[in-house]
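Written out below as structure tokens is the structure these notes cover.
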Amino acid sequence: MMLQYNDLAKLKTRKIVFEDVFSARDSATLEHLKDLSSKRRVIEDSINQTSFITEAIAREMSGGSTSRCEQERLRLEQYLPLLNNLISHVDLVGNKNQIMRWISNLRIQWSSVISLPSFFNLTGPKFFQIDSLWFEYGMALFLYGAILRDRALEFLPTDLKQSAFIFREAAGVFHYLSQEVLSAIELGGYAERPPEATSSVAATISLICLAEAQAVYITKAEEKGNTGFGVLAKLHYGVTELLSEATVALNLGIGEYRAISSRFLEFISTCRALHELRSKKYFAGNLKNDGQIGVAIGVLRDAIANAKGQMPGEDSWKPIFRKEVENTEDILKKLEYENEFVWHEKIASGDELPVLHGTKIVNIEPYLPRKWERELAFKL
């Protein structure tokens with residue numbers, strides 16, 4: 001079983017009306033701006049939980065899907081190309097001062113889901129305002145990636161192949177966000193921004209999604225029951241390595257944003273510890289099959305000691321983690337009993353323990369942004 005972290009899509013935003021701010025020169029431009037506002041309003045109402053649309057209407061608007069994640073995904077896929085088109089035309093306007101005034105009047109504001117709660121905002125989320133359409137595009141893309149990740153979790157119990165693919169899609173969105181979008185915000189030198197608007201956080205979550213995709217593939221392999229202990233050990237340790245890379249990516253951005261949610265940090269460290277424990281459990285099984293009972297016992301003792309020092313505080317994660325520790329302890333007891341009465345091998349410890357190596361079998365599914373190609377003209 002995988003640990004789950006479902007907070008990434010719980011962003012909030014405040015209302016934007018594009019046609020009230022941008023001065024359209026023709027009816028086609030005005031229509032585009034109104035369409036943009038309309039598409040965003042549906043997203044606003046949904047994530048802010050202020051929508052009056054019934055479930056039946058929402059299902060009809062999304063082609064019959066009853067999944068909230070799928071409905072949200074389709075809404076964002078309608079909004080993002082329109083926004084992309086607006087940005088491309090705004091970037092071509094010569095009068096930058098006028099454009100900056102318009103964007104400032106939009107008052108683009110988003111909350112954060114992975115920053116520490118502020119003492120001064122106990123009654124609701126803190127909203128960050130950055131006067132840049134790239135900020136709006138970046139936060140909408142972050143939400144899109146988070147919704148895809150939640151959709152992958154929805155498929156987890158019933159369709160492992162589809163779940164893993166959507167995790168890889170989400171990884172591609174966050175990778176694109178990190179490499180192609182957020183640099184435009186960071187170069188602007190904004191002093192205060194949510195961690196979601198930094199490339200290091202997007203890169204971190206991209207790696208987390210890849211790790212989750214690999215964990216799903218491992219689950220599929222475990223269910224089939226025809227994959228050897230050595231291969232499973234390397235695959236689980238590959239997840240551990242991906243999460244270690246995620247930690248490194250996040251630490252690179254600590255200078256940009258220090259106040260990261262402790263729950264988010266614990267999720268990464270707990271997942272890493274869980275898959276390291278599973279890797280060592282399978283590795284010990286492979287050693288036993290090779291007749292190295294003393295080394296296998298040493299690996300399991302080391303694994304259990306390390307895992308007990310990393311027991312999570314999150315109530316929903318404790319049973320999964322504790323069950324894995326107990327399962328590994330049962331295996332260790334059987335091996336110790338067998339060694340005591342049959343093999344009498346010396347127990348390996350410290351530098352005598354072998355080093356684990358991981359195998360990574362997942363790659364991102366590249367995100368290819370779409371743009372609604374429509375000419376826009378503004379009164380300057």
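Order determines the names: the first chain of the structure tokens is A, the second B, and so forth; residues in each chain are numbered 1 upward, and ligands are numbered 1 upward as they are shown.
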9 Å contact set for Ile108 in chain A, only C-alpha atoms, chain neighbours under 2 positions out, as a PDB file with N, CA, C and O atoms, in the first residue's frame:
```pdb
ATOM      1  N   THR A  13      -8.331  30.653  -4.798  1.00  0.00           N
ATOM      2  CA  THR A  13      -8.006  31.841  -5.575  1.00  0.00           C
ATOM      3  C   THR A  13      -9.126  32.862  -5.432  1.00  0.00           C
ATOM      4  O   THR A  13     -10.193  32.542  -4.898  1.00  0.00           O
ATOM      5  N   ARG A  14      -8.865  34.077  -5.892  1.00  0.00           N
ATOM      6  CA  ARG A  14      -9.882  35.122  -5.846  1.00  0.00           C
ATOM      7  C   ARG A  14     -10.277  35.516  -7.261  1.00  0.00           C
ATOM      8  O   ARG A  14      -9.530  35.319  -8.218  1.00  0.00           O
ATOM      9  N   LYS A  15     -11.439  36.090  -7.369  1.00  0.00           N
ATOM     10  CA  LYS A  15     -12.079  36.335  -8.658  1.00  0.00           C
ATOM     11  C   LYS A  15     -11.265  37.261  -9.555  1.00  0.00           C
ATOM     12  O   LYS A  15     -10.680  38.245  -9.098  1.00  0.00           O
ATOM     13  N   ILE A  16     -11.257  36.918 -10.852  1.00  0.00           N
ATOM     14  CA  ILE A  16     -10.623  37.743 -11.886  1.00  0.00           C
ATOM     15  C   ILE A  16     -11.629  37.945 -13.004  1.00  0.00           C
ATOM     16  O   ILE A  16     -12.280  36.994 -13.441  1.00  0.00           O
ATOM     17  N   ILE A 103      -2.537  44.525 -15.600  1.00  0.00           N
ATOM     18  CA  ILE A 103      -2.309  43.280 -14.848  1.00  0.00           C
ATOM     19  C   ILE A 103      -2.395  43.536 -13.349  1.00  0.00           C
ATOM     20  O   ILE A 103      -2.925  42.723 -12.587  1.00  0.00           O
ATOM     21  N   SER A 104      -1.888  44.692 -12.919  1.00  0.00           N
ATOM     22  CA  SER A 104      -1.984  45.045 -11.504  1.00  0.00           C
ATOM     23  C   SER A 104      -3.441  45.160 -11.065  1.00  0.00           C
ATOM     24  O   SER A 104      -3.816  44.738  -9.967  1.00  0.00           O
ATOM     25  N   ASN A 105      -4.276  45.708 -11.944  1.00  0.00           N
ATOM     26  CA  ASN A 105      -5.695  45.861 -11.620  1.00  0.00           C
ATOM     27  C   ASN A 105      -6.443  44.527 -11.610  1.00  0.00           C
ATOM     28  O   ASN A 105      -7.541  44.436 -11.048  1.00  0.00           O
ATOM     29  N   LEU A 106      -5.870  43.504 -12.235  1.00  0.00           N
ATOM     30  CA  LEU A 106      -6.486  42.180 -12.184  1.00  0.00           C
ATOM     31  C   LEU A 106      -6.477  41.610 -10.769  1.00  0.00           C
ATOM     32  O   LEU A 106      -7.358  40.849 -10.389  1.00  0.00           O
ATOM     33  N   TRP A 110      -3.574  33.938  -5.275  1.00  0.00           N
ATOM     34  CA  TRP A 110      -3.698  32.503  -5.009  1.00  0.00           C
ATOM     35  C   TRP A 110      -3.197  32.205  -3.599  1.00  0.00           C
ATOM     36  O   TRP A 110      -2.314  32.880  -3.087  1.00  0.00           O
ATOM     37  N   PHE A 128      -1.469  35.249  -1.854  1.00  0.00           N
ATOM     38  CA  PHE A 128      -0.301  35.913  -2.411  1.00  0.00           C
ATOM     39  C   PHE A 128      -0.710  36.602  -3.710  1.00  0.00           C
ATOM     40  O   PHE A 128      -1.424  36.018  -4.528  1.00  0.00           O
ATOM     41  N   GLN A 129      -0.255  37.829  -3.901  1.00  0.00           N
ATOM     42  CA  GLN A 129      -0.550  38.553  -5.134  1.00  0.00           C
ATOM     43  C   GLN A 129       0.749  38.865  -5.866  1.00  0.00           C
ATOM     44  O   GLN A 129       1.671  39.448  -5.302  1.00  0.00           O
ATOM     45  N   ILE A 130       0.827  38.445  -7.129  1.00  0.00           N
ATOM     46  CA  ILE A 130       1.951  38.781  -7.993  1.00  0.00           C
ATOM     47  C   ILE A 130       1.377  39.301  -9.298  1.00  0.00           C
ATOM     48  O   ILE A 130       0.548  38.643  -9.931  1.00  0.00           O
ATOM     49  N   ASP A 131       1.784  40.500  -9.681  1.00  0.00           N
ATOM     50  CA  ASP A 131       1.226  41.148 -10.864  1.00  0.00           C
ATOM     51  C   ASP A 131       1.919  40.640 -12.122  1.00  0.00           C
ATOM     52  O   ASP A 131       2.723  41.329 -12.758  1.00  0.00           O
ATOM     53  N   SER A 132       1.598  39.407 -12.470  1.00  0.00           N
ATOM     54  CA  SER A 132       2.179  38.777 -13.653  1.00  0.00           C
ATOM     55  C   SER A 132       1.231  37.706 -14.152  1.00  0.00           C
ATOM     56  O   SER A 132       0.748  36.882 -13.366  1.00  0.00           O
ATOM     57  N   LEU A 133       0.947  37.734 -15.460  1.00  0.00           N
ATOM     58  CA  LEU A 133       0.119  36.669 -16.032  1.00  0.00           C
ATOM     59  C   LEU A 133       0.825  35.325 -15.955  1.00  0.00           C
ATOM     60  O   LEU A 133       0.185  34.277 -15.955  1.00  0.00           O
ATOM     61  N   PHE A 135       2.348  34.312 -13.356  1.00  0.00           N
ATOM     62  CA  PHE A 135       1.965  33.785 -12.043  1.00  0.00           C
ATOM     63  C   PHE A 135       0.622  33.062 -12.145  1.00  0.00           C
ATOM     64  O   PHE A 135       0.456  31.949 -11.630  1.00  0.00           O
ATOM     65  N   GLU A 136      -0.330  33.686 -12.829  1.00  0.00           N
ATOM     66  CA  GLU A 136      -1.636  33.052 -13.032  1.00  0.00           C
ATOM     67  C   GLU A 136      -1.485  31.744 -13.799  1.00  0.00           C
ATOM     68  O   GLU A 136      -2.064  30.713 -13.423  1.00  0.00           O
TER      69      GLU A 136
END
```
Discussion item. With only C-alpha atoms as the counted atoms, please give the residues lying no more than 12 Å from range 40-48 of chain A, apart from itself and same-chain residues fewer than 6 positions off, as a ChimeraX atom specification.
Written reply: /A:8-18,33-34,54-55,58,61,68-69,71-83,108-111,124-125,136-137,140,143-144,147
Item to complete: Would you kindly return, as an NGL selection string, each protein, DNA or RNA residue with an atom no farther than 9 Å from any atom of Lys346 in chain A, considering only C-alpha atoms and excluding same-chain residues fewer than 4 positions away?
Response: :A and (293-295)
Could you save the residues just selected, with C-alpha atoms, as a PDB file, in the first residue's frame?
```
ATOM      1  CA  ILE A 293      21.719 -16.007   6.116  1.00  0.00           C
ATOM      2  CA  GLY A 294      24.005 -13.969   8.405  1.00  0.00           C
ATOM      3  CA  VAL A 295      24.139 -11.053   5.979  1.00  0.00           C
TER       4      VAL A 295
END
```
Worksheet item: Which residue gives the smallest distance to Ile364 in chain A among A:Tyr237, A:Phe165, A:Phe264, A:Phe229, with only C-alpha atoms counted?
Response: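 Smallest separation from Ile364 in chain A among the options: A:Phe165.
Of the listed residues (A:Gln49, A:Glu192, A:Leu235, A:Ala273), A:Leu235 comes nearest to Glu222 in chain A; the distances count only C-alpha atoms.
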Worksheet item: Which residue, A:Gly228, A:Gly145, A:Gly238, A:Pro194, has the smallest gap to Leu356 in chain A when you use only C-alpha atoms?
Response: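 Of A:Gly228, A:Gly145, A:Gly238, A:Pro194, the one nearest Leu356 in chain A, counting only C-alpha atoms, is A:Gly238.
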Discussion item. Considering only C-alpha atoms, can you say which of A:Ser200, A:Asn289, A:Asn6, A:Thr270 comes closest to Glu314 in chain A?
Written reply: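 Going through A:Ser200, A:Asn289, A:Asn6, A:Thr270 one by one, the smallest distance to Glu314 in chain A is for A:Thr270.
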Item to complete: Work out how far apart CA of Leu177 in chain A and CA of Leu92 in chain A are and give it in Å to one decimal.
Response: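 Straight-line distance from CA of Leu177 in chain A to CA of Leu92 in chain A works out to 21.8 Å.
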Sort by chain and increasing residue number a table of all residues of range 1-36 of chain A within 12 Å of range 209-212 of chain A, each with its closest pair of atoms and their distance in Å to one decimal, counting only C-alpha atoms, and write it as CSV.
```
residue,atom,partner,partner_atom,distance
A:Met1,CA,A:Glu212,CA,11.2
A:Met2,CA,A:Glu212,CA,8.1
A:Leu3,CA,A:Glu212,CA,9.3
A:Gln4,CA,A:Glu212,CA,9.5
A:Tyr5,CA,A:Glu212,CA,10.9
A:Leu8,CA,A:Cys209,CA,11.8
```
C-alpha atoms of the current selection, written as a PDB file, in the first residue's frame:
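Wrote out.pdb, looks like this:
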```pdb
ATOM      1  CA  MET A   1       0.000   0.000   0.000  1.00  0.00           C
ATOM      2  CA  MET A   2       1.180   3.536  -0.806  1.00  0.00           C
ATOM      3  CA  LEU A   3       1.103   6.539   1.469  1.00  0.00           C
ATOM      4  CA  GLN A   4      -1.201   9.266   0.190  1.00  0.00           C
ATOM      5  CA  TYR A   5      -0.921  13.039   0.348  1.00  0.00           C
ATOM      6  CA  LEU A   8      -1.771  19.639  -3.354  1.00  0.00           C
TER       7      LEU A   8
END
```
Fill in: Which residue of A:Asp159, A:Glu375, A:Asp91, A:Asp302 approaches Ser349 in chain A most closely, using only C-alpha atoms
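Of the candidates, the smallest distance to Ser349 in chain A is held by A:Asp302.
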Item to complete: Within 8 Å of Asn95 in chain A, counting only C-alpha atoms, which residues show up once you throw out same-chain ones fewer than 3 positions away? Write them as a ChimeraX atom specification, please.
Response: /A:98-99,380
